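Chemist: This is query_30.txt (compact mmCIF, C-alpha atoms).
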```
# COMPACT_ATOMS: atom_id res chain seq x y z
CA MET N 1 13.19 -6.86 -45.64
CA LYS N 2 11.46 -9.76 -47.31
CA ARG N 3 9.00 -10.10 -44.45
CA LEU N 4 8.28 -6.40 -44.65
CA LEU N 5 7.51 -6.70 -48.33
CA VAL N 6 5.14 -9.62 -47.74
CA ALA N 7 3.41 -7.73 -44.94
CA MET N 8 3.08 -4.66 -47.10
CA SER N 9 1.66 -6.59 -50.02
CA THR N 10 -0.92 -8.31 -47.81
CA LEU N 11 -1.81 -4.93 -46.36
CA ALA N 12 -2.08 -3.41 -49.81
CA LEU N 13 -4.50 -6.09 -50.93
CA LEU N 14 -6.55 -6.01 -47.72
CA LEU N 15 -6.74 -2.27 -47.21
CA PRO N 16 -9.19 -1.21 -49.90
CA ALA N 17 -12.42 -2.78 -48.74
CA ASN N 18 -14.04 -2.05 -52.08
CA ALA N 19 -10.83 -2.58 -54.00
CA PHE N 20 -12.50 -3.95 -57.07
CA ALA N 21 -15.17 -1.32 -57.20
CA ARG N 22 -13.57 0.54 -60.05
CA GLY N 23 -12.29 4.05 -59.75
CA GLU N 24 -12.71 6.72 -62.37
CA PHE N 25 -9.30 6.25 -63.93
CA ASP N 26 -8.96 4.73 -67.40
CA PRO N 27 -5.53 4.84 -69.10
CA THR N 28 -6.99 4.73 -72.60
CA THR N 29 -8.52 8.19 -72.22
CA GLU N 30 -4.97 9.55 -72.32
CA PHE N 31 -4.86 8.74 -76.03
CA GLU N 32 -8.05 10.50 -77.08
CA GLN N 33 -7.63 13.35 -79.50
CA LYS N 34 -9.62 16.46 -78.66
CA GLU N 35 -9.83 19.36 -81.06
CA TRP N 36 -8.14 22.31 -79.44
CA ILE N 37 -8.31 24.63 -82.45
CA PRO N 38 -10.85 23.25 -84.94
CA ILE N 39 -9.83 23.74 -88.58
CA HIS N 40 -12.14 22.10 -91.09
CA LEU N 41 -11.42 22.51 -94.79
CA GLY N 42 -14.46 20.90 -96.37
CA PRO N 43 -14.21 17.20 -95.61
CA ILE N 44 -10.59 17.50 -94.47
CA ASP N 45 -10.12 17.78 -90.73
CA MET N 46 -6.94 19.73 -89.97
CA SER N 47 -7.70 20.61 -86.37
CA ILE N 48 -4.89 21.18 -83.93
CA THR N 49 -4.97 18.28 -81.47
CA LYS N 50 -2.57 16.98 -78.87
CA ALA N 51 -0.66 14.91 -81.43
CA VAL N 52 -0.34 17.89 -83.76
CA ALA N 53 0.99 20.05 -80.94
CA TYR N 54 3.54 17.40 -80.04
CA LEU N 55 4.59 17.06 -83.69
CA MET N 56 5.06 20.82 -83.97
CA ILE N 57 7.27 20.88 -80.87
CA ALA N 58 9.22 17.90 -82.20
CA THR N 59 9.77 19.64 -85.54
CA VAL N 60 11.15 22.72 -83.82
CA VAL N 61 13.36 20.61 -81.56
CA THR N 62 14.67 18.58 -84.51
CA ILE N 63 15.63 21.72 -86.41
CA ALA N 64 17.23 23.18 -83.30
CA PHE N 65 19.09 19.92 -82.71
CA GLY N 66 20.52 20.02 -86.20
CA LEU N 67 21.48 23.68 -85.99
CA PHE N 68 23.03 23.34 -82.56
CA PHE N 69 24.90 20.05 -82.78
CA MET N 70 25.81 19.75 -86.43
CA ARG N 71 27.23 23.22 -87.05
CA GLY N 72 30.90 23.36 -86.30
CA THR N 73 32.70 26.67 -86.51
CA PRO N 74 35.55 26.25 -88.98
CA GLY N 75 39.07 26.69 -87.66
CA ARG N 76 38.16 25.60 -84.13
CA LYS N 77 38.77 22.22 -82.58
CA ALA N 78 35.67 20.04 -82.30
CA GLY N 79 34.32 20.06 -78.76
CA ARG N 80 31.77 17.91 -77.02
CA ARG N 81 28.95 19.61 -78.90
CA GLU N 82 30.30 18.56 -82.29
CA THR N 83 31.10 15.09 -81.00
CA ILE N 84 27.45 14.41 -80.26
CA GLY N 85 26.51 15.68 -83.71
CA GLU N 86 29.13 13.46 -85.32
CA LEU N 87 27.93 10.46 -83.35
CA VAL N 88 24.39 10.88 -84.68
CA TYR N 89 25.74 11.48 -88.18
CA ASP N 90 27.92 8.37 -87.98
CA VAL N 91 25.03 6.15 -86.95
CA ALA N 92 22.86 7.61 -89.70
CA GLN N 93 25.57 7.14 -92.32
CA GLN N 94 27.18 3.84 -91.43
CA GLN N 95 24.42 1.89 -89.73
CA VAL N 96 21.42 3.19 -91.64
CA ALA N 97 22.26 4.62 -95.05
CA GLU N 98 25.20 2.46 -96.10
CA GLN N 99 23.48 -0.73 -94.98
CA GLY N 100 20.46 -0.24 -97.19
CA LEU N 101 21.09 2.27 -99.94
CA PRO N 102 23.23 1.47 -102.98
CA HIS N 103 26.24 3.71 -103.50
CA LYS N 104 24.81 5.69 -106.38
CA ALA N 105 21.70 6.74 -104.43
CA ILE N 106 23.27 7.60 -101.12
CA GLY N 107 23.72 11.29 -101.90
CA ARG N 108 20.06 11.70 -102.72
CA TRP N 109 18.48 9.59 -99.97
CA PHE N 110 20.86 9.98 -97.04
CA PRO N 111 19.20 13.25 -95.96
CA TYR N 112 15.78 11.59 -95.96
CA VAL N 113 16.71 8.58 -93.85
CA ALA N 114 18.84 10.65 -91.47
CA THR N 115 16.01 13.14 -90.94
CA LEU N 116 13.58 10.29 -90.44
CA MET N 117 15.80 8.77 -87.76
CA LEU N 118 16.37 12.02 -85.92
CA PHE N 119 12.75 13.13 -86.15
CA ILE N 120 11.26 9.85 -84.93
CA PHE N 121 13.80 9.70 -82.15
CA ILE N 122 12.86 13.18 -80.97
CA VAL N 123 9.10 12.56 -81.25
CA ASN N 124 9.54 9.36 -79.23
CA PHE N 125 11.80 11.06 -76.73
CA LEU N 126 9.39 13.95 -76.19
CA GLY N 127 6.79 11.31 -75.45
CA PHE N 128 8.60 10.41 -72.27
CA ILE N 129 9.16 13.93 -70.98
CA PRO N 130 6.20 15.17 -68.92
CA LEU N 131 4.77 18.26 -70.60
CA PRO N 132 1.77 20.39 -69.61
CA LEU N 133 -0.08 19.43 -72.77
CA THR N 134 -2.70 16.97 -71.51
CA GLY N 135 -5.42 19.53 -72.11
CA GLU N 136 -6.78 19.10 -68.59
CA THR N 137 -6.50 21.49 -65.68
CA TRP N 138 -6.44 20.91 -61.98
CA HIS N 139 -7.55 24.03 -60.06
CA GLY N 140 -6.45 26.15 -63.00
CA ILE N 141 -2.98 24.58 -63.27
CA PRO N 142 -2.35 22.59 -66.48
CA VAL N 143 -1.87 18.89 -65.76
CA TRP N 144 1.48 17.45 -66.81
CA GLY N 145 1.52 14.14 -68.58
CA ILE N 146 3.35 11.94 -71.03
CA TYR N 147 2.10 11.36 -74.55
CA ALA N 148 3.94 10.46 -77.74
CA ALA N 149 2.68 11.64 -81.10
CA THR N 150 3.94 8.35 -82.56
CA SER N 151 1.40 6.45 -80.46
CA SER N 152 -1.22 7.73 -82.91
CA ILE N 153 -1.46 5.58 -86.02
CA SER N 154 -2.12 8.57 -88.29
CA VAL N 155 1.36 9.91 -87.60
CA THR N 156 3.21 6.66 -88.21
CA LEU N 157 1.06 5.81 -91.22
CA ALA N 158 1.89 9.18 -92.77
CA LEU N 159 5.61 8.53 -92.29
CA ALA N 160 5.27 5.00 -93.69
CA LEU N 161 3.34 6.33 -96.69
CA LEU N 162 6.22 8.70 -97.44
CA THR N 163 8.62 5.76 -97.58
CA PHE N 164 6.12 3.70 -99.58
CA PHE N 165 5.73 6.33 -102.29
CA PHE N 166 9.43 7.18 -102.41
CA THR N 167 10.22 3.48 -102.82
CA HIS N 168 8.08 3.05 -105.90
CA ILE N 169 8.87 6.45 -107.41
CA GLU N 170 12.59 5.74 -107.10
CA GLY N 171 12.17 2.22 -108.43
CA ILE N 172 10.40 3.50 -111.52
CA ARG N 173 12.78 6.43 -111.95
CA TRP N 174 15.95 4.31 -111.92
CA ASN N 175 14.70 1.20 -113.70
CA GLY N 176 11.78 2.34 -115.79
CA PRO N 177 8.28 1.09 -115.07
CA VAL N 178 8.53 -2.16 -117.07
CA ARG N 179 11.79 -3.36 -115.56
CA TYR N 180 10.78 -2.30 -112.08
CA PHE N 181 7.47 -4.13 -112.01
CA LYS N 182 9.07 -7.11 -113.74
CA SER N 183 11.51 -7.32 -110.85
CA TRP N 184 8.57 -8.21 -108.61
CA ILE N 185 8.15 -11.46 -110.53
CA PRO N 186 10.64 -13.99 -109.18
CA ASP N 187 12.16 -16.95 -111.00
CA ALA N 188 9.75 -19.75 -110.37
CA PRO N 189 7.88 -22.44 -112.27
CA LYS N 190 5.03 -20.97 -114.29
CA LEU N 191 2.43 -22.80 -112.26
CA LEU N 192 3.55 -21.26 -109.02
CA LEU N 193 3.71 -17.72 -110.42
CA GLY N 194 -0.04 -17.28 -110.12
CA LEU N 195 0.37 -17.86 -106.41
CA ILE N 196 3.60 -15.95 -105.85
CA VAL N 197 2.94 -12.74 -107.74
CA PRO N 198 -0.19 -11.79 -105.73
CA LEU N 199 1.78 -12.52 -102.59
CA GLU N 200 4.60 -10.25 -103.75
CA ILE N 201 2.15 -7.44 -104.47
CA LEU N 202 0.49 -8.02 -101.11
CA GLY N 203 3.95 -7.97 -99.53
CA GLN N 204 4.55 -4.45 -100.84
CA PHE N 205 1.47 -3.28 -98.96
CA MET N 206 2.30 -5.35 -95.91
CA ARG N 207 5.48 -3.28 -95.64
CA LEU N 208 3.29 -0.24 -95.18
CA ILE N 209 1.36 -1.94 -92.37
CA SER N 210 4.40 -3.42 -90.66
CA LEU N 211 6.35 -0.13 -90.76
CA SER N 212 3.52 1.93 -89.31
CA VAL N 213 2.12 -0.61 -86.85
CA ARG N 214 5.54 -1.48 -85.43
CA LEU N 215 6.28 2.07 -84.35
CA PHE N 216 2.71 2.89 -83.36
CA ALA N 217 2.12 -0.25 -81.29
CA ASN N 218 5.51 -0.03 -79.60
CA MET N 219 4.92 3.49 -78.38
CA LEU N 220 1.26 2.88 -77.51
CA ALA N 221 2.03 -0.28 -75.56
CA GLY N 222 4.91 1.39 -73.76
CA HIS N 223 2.75 4.28 -72.62
CA ILE N 224 -0.20 2.08 -71.71
CA LEU N 225 2.10 -0.14 -69.66
CA ILE N 226 3.50 2.77 -67.65
CA LEU N 227 0.13 4.46 -67.23
CA THR N 228 -1.61 1.24 -66.25
CA PHE N 229 0.90 0.44 -63.56
CA ILE N 230 0.65 3.91 -62.07
CA GLY N 231 -3.10 3.84 -62.67
CA LEU N 232 -3.45 0.74 -60.49
CA ILE N 233 -3.25 3.13 -57.54
CA PHE N 234 -6.39 4.87 -58.74
CA ILE N 235 -8.16 1.81 -60.09
CA LEU N 236 -7.79 -0.13 -56.84
CA GLN N 237 -7.93 3.10 -54.79
CA SER N 238 -5.05 2.21 -52.53
CA LEU N 239 -2.13 4.50 -51.96
CA VAL N 240 -0.04 1.72 -50.41
CA LEU N 241 0.20 0.10 -53.83
CA ALA N 242 2.42 2.99 -54.86
CA VAL N 243 5.29 1.24 -53.10
CA PHE N 244 5.14 -1.50 -55.73
CA VAL N 245 3.74 0.05 -58.86
CA VAL N 246 5.90 3.16 -59.00
CA PRO N 247 9.22 1.23 -59.11
CA VAL N 248 7.79 -1.17 -61.70
CA ALA N 249 6.56 1.74 -63.79
CA ALA N 250 9.98 3.37 -63.40
CA VAL N 251 11.71 0.23 -64.67
CA PHE N 252 9.48 0.13 -67.74
CA TYR N 253 10.06 3.85 -68.21
CA MET N 254 13.81 3.35 -68.20
CA PHE N 255 13.53 0.39 -70.57
CA GLU N 256 11.48 2.45 -73.00
CA VAL N 257 13.72 5.50 -72.82
CA VAL N 258 17.07 3.71 -72.98
CA ILE N 259 16.31 0.91 -75.45
CA VAL N 260 12.99 1.18 -77.26
CA ILE N 261 12.85 4.75 -78.53
CA GLY N 262 16.33 4.67 -80.06
CA ILE N 263 15.80 1.25 -81.61
CA GLN N 264 12.44 2.17 -83.10
CA ALA N 265 13.85 5.32 -84.69
CA PHE N 266 16.81 3.35 -86.01
CA ILE N 267 14.63 0.55 -87.35
CA PHE N 268 12.23 2.84 -89.12
CA ALA N 269 15.07 4.67 -90.86
CA ALA N 270 17.04 1.48 -91.62
CA LEU N 271 14.01 -0.27 -93.11
CA SER N 272 13.18 2.80 -95.18
CA ALA N 273 16.73 2.77 -96.50
CA ILE N 274 16.54 -0.96 -97.26
CA TYR N 275 13.19 -0.63 -99.04
CA ILE N 276 14.31 2.33 -101.14
CA GLY N 277 17.64 0.65 -101.87
CA SER N 278 16.01 -2.60 -102.94
CA ALA N 279 13.71 -0.72 -105.30
CA ILE N 280 16.62 1.15 -106.90
CA GLU N 281 18.66 -2.02 -107.37
CA PRO N 282 16.27 -4.96 -107.72
CA GLU N 283 17.85 -8.34 -107.29
CA HIS N 284 17.16 -9.45 -110.83
CA MET D 1 -23.84 -26.12 -72.88
CA SER D 2 -25.79 -25.04 -75.92
CA ASN D 3 -28.01 -22.89 -73.71
CA LEU D 4 -24.89 -21.25 -72.39
CA LEU D 5 -23.61 -20.48 -75.88
CA ILE D 6 -26.94 -19.03 -76.96
CA ALA D 7 -27.04 -16.88 -73.86
CA ALA D 8 -23.50 -15.67 -74.55
CA THR D 9 -24.20 -14.77 -78.14
CA SER D 10 -27.59 -13.20 -77.65
CA VAL D 11 -26.65 -10.97 -74.72
CA SER D 12 -23.46 -9.24 -75.68
CA ASN D 13 -23.17 -7.64 -72.26
CA SER D 14 -23.32 -10.87 -70.30
CA PRO D 15 -20.48 -11.78 -67.95
CA ILE D 16 -19.59 -14.74 -70.17
CA THR D 17 -18.92 -12.40 -73.08
CA HIS D 18 -16.73 -10.26 -70.90
CA ALA D 19 -14.84 -13.30 -69.72
CA GLY D 20 -14.39 -14.54 -73.28
CA LYS D 21 -13.11 -11.17 -74.43
CA ALA D 22 -10.64 -11.01 -71.55
CA ILE D 23 -9.43 -14.53 -72.26
CA GLY D 24 -9.05 -13.71 -75.94
CA LEU D 25 -7.07 -10.58 -75.21
CA ALA D 26 -4.75 -12.34 -72.80
CA LEU D 27 -4.33 -15.34 -75.10
CA GLY D 28 -3.44 -13.15 -78.08
CA VAL D 29 -0.84 -11.12 -76.23
CA GLY D 30 0.50 -14.12 -74.35
CA LEU D 31 1.03 -16.29 -77.43
CA GLY D 32 2.57 -13.33 -79.26
CA ALA D 33 4.95 -12.79 -76.36
CA LEU D 34 5.79 -16.51 -76.32
CA GLY D 35 6.85 -16.50 -79.96
CA ALA D 36 8.72 -13.24 -79.71
CA GLY D 37 10.50 -14.40 -76.56
CA ILE D 38 11.83 -17.46 -78.33
CA GLY D 39 12.85 -15.38 -81.33
CA ILE D 40 14.64 -12.72 -79.32
CA GLY D 41 16.43 -15.40 -77.32
CA ASN D 42 17.62 -16.97 -80.56
CA ILE D 43 18.91 -13.66 -81.88
CA PHE D 44 20.90 -12.83 -78.78
CA SER D 45 22.30 -16.34 -78.41
CA SER D 46 23.51 -16.27 -82.01
CA MET D 47 25.00 -12.84 -81.40
CA ILE D 48 26.91 -14.07 -78.33
CA GLN D 49 28.22 -17.06 -80.26
CA SER D 50 29.28 -14.93 -83.22
CA VAL D 51 31.09 -12.42 -81.05
CA ALA D 52 32.79 -15.21 -79.11
CA ARG D 53 34.07 -16.69 -82.35
CA GLN D 54 34.97 -13.48 -84.16
CA PRO D 55 35.17 -10.55 -81.74
CA GLU D 56 36.40 -8.24 -84.51
CA LEU D 57 33.00 -8.40 -86.25
CA ARG D 58 31.12 -6.99 -83.27
CA GLY D 59 30.58 -3.54 -84.75
CA GLU D 60 29.04 -4.86 -87.94
CA LEU D 61 26.93 -7.43 -86.14
CA THR D 62 25.43 -4.99 -83.66
CA GLY D 63 23.39 -3.23 -86.33
CA ILE D 64 22.04 -6.50 -87.67
CA GLN D 65 21.30 -7.69 -84.15
CA TRP D 66 19.16 -4.68 -83.29
CA LEU D 67 17.39 -4.87 -86.63
CA GLY D 68 16.48 -8.47 -85.92
CA PHE D 69 15.50 -7.63 -82.35
CA ALA D 70 13.08 -4.92 -83.42
CA LEU D 71 11.60 -7.00 -86.22
CA THR D 72 10.96 -9.87 -83.83
CA GLU D 73 9.75 -7.74 -80.97
CA ALA D 74 7.13 -6.15 -83.20
CA VAL D 75 5.37 -9.53 -83.39
CA VAL D 76 4.11 -9.06 -79.83
CA PHE D 77 2.54 -5.81 -80.84
CA TYR D 78 0.83 -7.29 -83.87
CA GLY D 79 -0.68 -9.81 -81.47
CA LEU D 80 -1.57 -7.07 -79.01
CA LEU D 81 -3.18 -4.97 -81.73
CA GLY D 82 -5.20 -7.90 -83.05
CA SER D 83 -6.34 -8.78 -79.55
CA ILE D 84 -7.34 -5.21 -78.74
CA LEU D 85 -9.26 -5.02 -82.03
CA ALA D 86 -11.04 -8.24 -81.18
CA TYR D 87 -11.69 -6.98 -77.66
CA VAL D 88 -13.16 -3.69 -78.82
CA LEU D 89 -15.06 -4.88 -81.89
CA VAL D 90 -16.69 -8.08 -80.65
```
Kindly transcribe the structure held in the file into structure tokens.
Modeler:
Amino acid sequence: MKRLLVAMSTLALLLPANAFARGEFDPTTEFEQKEWIPIHLGPIDMSITKAVAYLMIATVVTIAFGLFFMRGTPGRKAGRRETIGELVYDVAQQQVAEQGLPHKAIGRWFPYVATLMLFIFIVNFLGFIPLPLTGETWHGIPVWGIYAATSSISVTLALALLTFFFTHIEGIRWNGPVRYFKSWIPDAPKLLLGLIVPLEILGQFMRLISLSVRLFANMLAGHILILTFIGLIFILQSLVLAVFVVPVAAVFYMFEVVIVIGIQAFIFAALSAIYIGSAIEPEH
Amino acid sequence: MSNLLIAATSVSNSPITHAGKAIGLALGVGLGALGAGIGIGNIFSSMIQSVARQPELRGELTGIQWLGFALTEAVVFYGLLGSILAYVLV
């Protein structure tokens, strides 16, 4: 078995005589946004692109998920369908909302963080299901491919901006503007304050970057990894390589689907809850 | 050496520039992965120790563990993003 593998790998490297003469394939082209239905309102570009199409599907699926799994018929025993719904609800309530939000704000902000978690999970999950939405055709048949809307920074930045604005609006609403902005100034010697306060203000904006870039880069890197490994077949123009690269790509695929997409959705929602909670109840 | 540097800076398409960009990209991602690897190892080792000492806290700790995992793991991607930006822009 081992000898076979070694022989195969030698063969794979020897076979393409012009192995390093590059093929046409480039994984980054998978992430280009082409305008399918151009909509331009003055300077605002609202065209329907691949990411928009994926977001629309994800919205419909999220609503359907809620309607299907979360609606129990009263008077009947909860079946498997309701159990899945309760599982999602439990995670959203106990692990996300109650960890970050103070008790008095949970009624108002639980729906937001729960929706965020479910929506990001479904957008991420759709990104790993092959769909005929690549916008390319092969002999008239649409090409199937994987693409996640969250691997576009506009999508994640929009979601992070929502959390950013809600954080400050809630902070001002509960504490009043003076007390809220005063809570940014920590207890420190007067000399150090000139150094710390700009850092605190910068930190508020760094949250925006870290929230959006974490999700965006995770999904982008995951897709690039899978596509690059499969793309090695086309880049090196050797079909024998498929023996190695397809299992490796499959392992990364499983890792992304089982661990990463759930964690990223959870993290985004949990951090949103923590940020909003810490604005409502500042430490001092 | 100085001739080499001048050649590299004046001709942005020279092989040396390409090599430098590739090295920069790999170095950024690699160092990011190094740091994140150490961090993630720390998180999971602490988690194992905590659960071994107090198994009844497992449920509460799991949430914190995954939060820490994702926060640490993201460091790789900040490195990756910075490297790709450097790769594309330079």
Chemist: Residues of chain D within 9 Å of chain N, counting all atoms listed in the file - could you list those as a list of chain:residue names?
Modeler: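 Per the criterion, chain D yields D:Glu60, D:Gly63, D:Ile64, D:Trp66, D:Leu67, D:Phe69, D:Ala70, D:Leu71, D:Glu73, D:Ala74, D:Val75, D:Phe77, D:Tyr78, D:Leu80, D:Leu81.
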Chemist: Put a box with edges along x, y and z around all the listed atoms of region 64-71 of chain D, pad it by 8 Å on each side, then give me its centre and sizes in Å, one decimal, as JSON.
Modeler:
```
{"center_x": 16.8, "center_y": -6.6, "center_z": -85.0, "size_x": 26.4, "size_y": 19.8, "size_z": 21.3}
```
Chemist: Work out how far apart CA of Pro74 (chain N) and CA of Gln93 (chain N) are and give it in Å to one decimal.
Modeler: 21.8 Å
Chemist: Hey, which of N:Pro102, N:Ile146, N:Phe125, N:Phe165 ends up closest to Glu283 (chain N)? Count all atoms listed in the file.
Modeler: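 Smallest separation from Glu283 (chain N) among the options: N:Pro102.
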Chemist: What's the 6 Å shell around Val76 (chain D), counting only C-alpha atoms, without same-chain residues fewer than 3 positions away, as a PyMOL selection string?
Modeler: chain D and resi 32-33+73+79
Chemist: Env of region 19-21 of chain D: 8 Å cut, atoms = only C-alpha atoms, seq-sep filter 5 positions within chain, self excluded. Answer as a PDB file with C-alpha atoms, in the frame of the given file.
Modeler:
```pdb
ATOM      1  CA  ALA D  86     -11.040  -8.240 -81.180  1.00  0.00           C
ATOM      2  CA  TYR D  87     -11.690  -6.980 -77.660  1.00  0.00           C
ATOM      3  CA  VAL D  90     -16.690  -8.080 -80.650  1.00  0.00           C
TER       4      VAL D  90
END
```
Chemist: Considering all atoms listed in the file, can you say which of D:Asn13, D:His18, D:Thr72, D:Arg58 comes closest to Ile38 (chain D)?
Modeler: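 For Ile38 (chain D), the nearest of the candidates is D:Thr72.
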Chemist: Can you work out the spacing between CA of Val29 (chain D) and CA of Ile226 (chain N) in Å, to one decimal?
Modeler: 16.9 Å
Chemist: What separation in Å, quoted to one decimal, exists between CA of Thr156 (chain N) and CA of Ile196 (chain N)?
Modeler: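 Rounded to one decimal, the two atoms are 28.7 Å apart.
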Chemist: If we count all atoms listed in the file and set the cut-off at 8 Å, which residues sit around region 108-114 of chain N, ignoring sequence neighbours fewer than 5 positions away in its own chain? Please answer as JSON, numbers by chain.
Modeler: {"N": [89, 92, 93, 96, 97, 101, 269, 270, 272, 273]}
Chemist: Just checking: using only C-alpha atoms, which residue out of N:Ile129, N:Leu195, N:Met117, N:Ala265 ends up closest to Trp144 (chain N)?
Modeler: N:Ile129
Chemist: Name the closest residue to Thr83 (chain N) among the candidates N:Val258, N:Val243, N:Met70, N:Ala250; distances are taken between atoms, counting all atoms listed in the file.
Modeler: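 Using all atoms listed in the file, Thr83 (chain N) sits closest to N:Met70.
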Chemist: Counting all atoms listed in the file, write as a list of chain:residue names all protein and nucleic acid residues lying at most 9 Å from (5.6, 9.4, -74.9) in the file's frame.
Modeler: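 The residues near that point, listed by chain and number, are N:Val123, N:Asn124, N:Phe125, N:Leu126, N:Gly127, N:Phe128, N:Ile129, N:Pro130, N:Gly145, N:Ile146, N:Tyr147, N:Ala148, N:Ala149, N:Thr150, N:Ser151, N:Met219, N:Leu220, N:Gly222, N:His223.
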Chemist: If we count only C-alpha atoms and set the cut-off at 9 Å, which residues sit around region 43-49 of chain D, ignoring sequence neighbours fewer than 4 positions away in its own chain? Please answer as number ranges by chain.
Modeler: D: 38-39, 53-54, 58, 61-62, 65, 68-69
Chemist: Anything within 12 Å of (-0.3, 18.0, -80.9): list those residues as a ChimeraX atom specification, counting all atoms listed in the file and sticking to the file's coordinates.
Modeler: /N:31-37,46-59,123,126-127,131-135,147-152,155
Chemist: So which one's closest to Phe121 (chain N), N:Leu239, N:Val88, N:Val251, N:Leu232? Using all atoms listed in the file, please.
Modeler: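 Smallest separation from Phe121 (chain N) among the options: N:Val88.
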Chemist: Hey, could you patch up region 59-65 of chain D with all heavy atoms and hand it over as a tab-separated table (two decimals), keeping the file's coordinate frame?
Modeler:
```tsv
chain	number	residue	atom	x	y	z
D	59	GLY	N	31.17	-4.79	-84.27
D	59	GLY	CA	30.58	-3.54	-84.75
D	59	GLY	C	29.57	-3.76	-85.86
D	59	GLY	O	28.47	-3.21	-85.84
D	60	GLU	N	29.94	-4.61	-86.81
D	60	GLU	CA	29.04	-4.86	-87.94
D	60	GLU	C	27.81	-5.64	-87.49
D	60	GLU	O	26.71	-5.43	-87.99
D	60	GLU	CB	29.77	-5.64	-89.03
D	60	GLU	CG	30.71	-4.79	-89.86
D	60	GLU	CD	31.51	-5.65	-90.82
D	60	GLU	OE1	30.90	-6.50	-91.46
D	60	GLU	OE2	32.73	-5.46	-90.89
D	61	LEU	N	28.03	-6.57	-86.55
D	61	LEU	CA	26.93	-7.43	-86.14
D	61	LEU	C	25.90	-6.70	-85.30
D	61	LEU	O	24.72	-7.04	-85.32
D	61	LEU	CB	27.47	-8.63	-85.36
D	61	LEU	CG	28.25	-9.65	-86.17
D	61	LEU	CD1	28.81	-10.72	-85.27
D	61	LEU	CD2	27.38	-10.28	-87.23
D	62	THR	N	26.35	-5.66	-84.57
D	62	THR	CA	25.43	-4.99	-83.66
D	62	THR	C	24.22	-4.42	-84.40
D	62	THR	O	23.09	-4.56	-83.94
D	62	THR	CB	26.15	-3.86	-82.91
D	62	THR	OG1	27.38	-4.38	-82.41
D	62	THR	CG2	25.33	-3.36	-81.76
D	63	GLY	N	24.49	-3.79	-85.55
D	63	GLY	CA	23.39	-3.23	-86.33
D	63	GLY	C	22.39	-4.29	-86.74
D	63	GLY	O	21.17	-4.12	-86.58
D	64	ILE	N	22.91	-5.42	-87.23
D	64	ILE	CA	22.04	-6.50	-87.67
D	64	ILE	C	21.26	-7.06	-86.49
D	64	ILE	O	20.08	-7.37	-86.59
D	64	ILE	CB	22.87	-7.62	-88.33
D	64	ILE	CG1	23.71	-7.03	-89.46
D	64	ILE	CG2	21.98	-8.72	-88.87
D	64	ILE	CD1	24.71	-8.02	-90.02
D	65	GLN	N	21.95	-7.14	-85.34
D	65	GLN	CA	21.30	-7.69	-84.15
D	65	GLN	C	20.09	-6.85	-83.75
D	65	GLN	O	19.01	-7.38	-83.50
D	65	GLN	CB	22.32	-7.71	-83.01
D	65	GLN	CG	21.76	-8.12	-81.68
D	65	GLN	CD	22.60	-7.59	-80.54
D	65	GLN	OE1	23.55	-6.82	-80.74
D	65	GLN	NE2	22.25	-7.98	-79.36
```
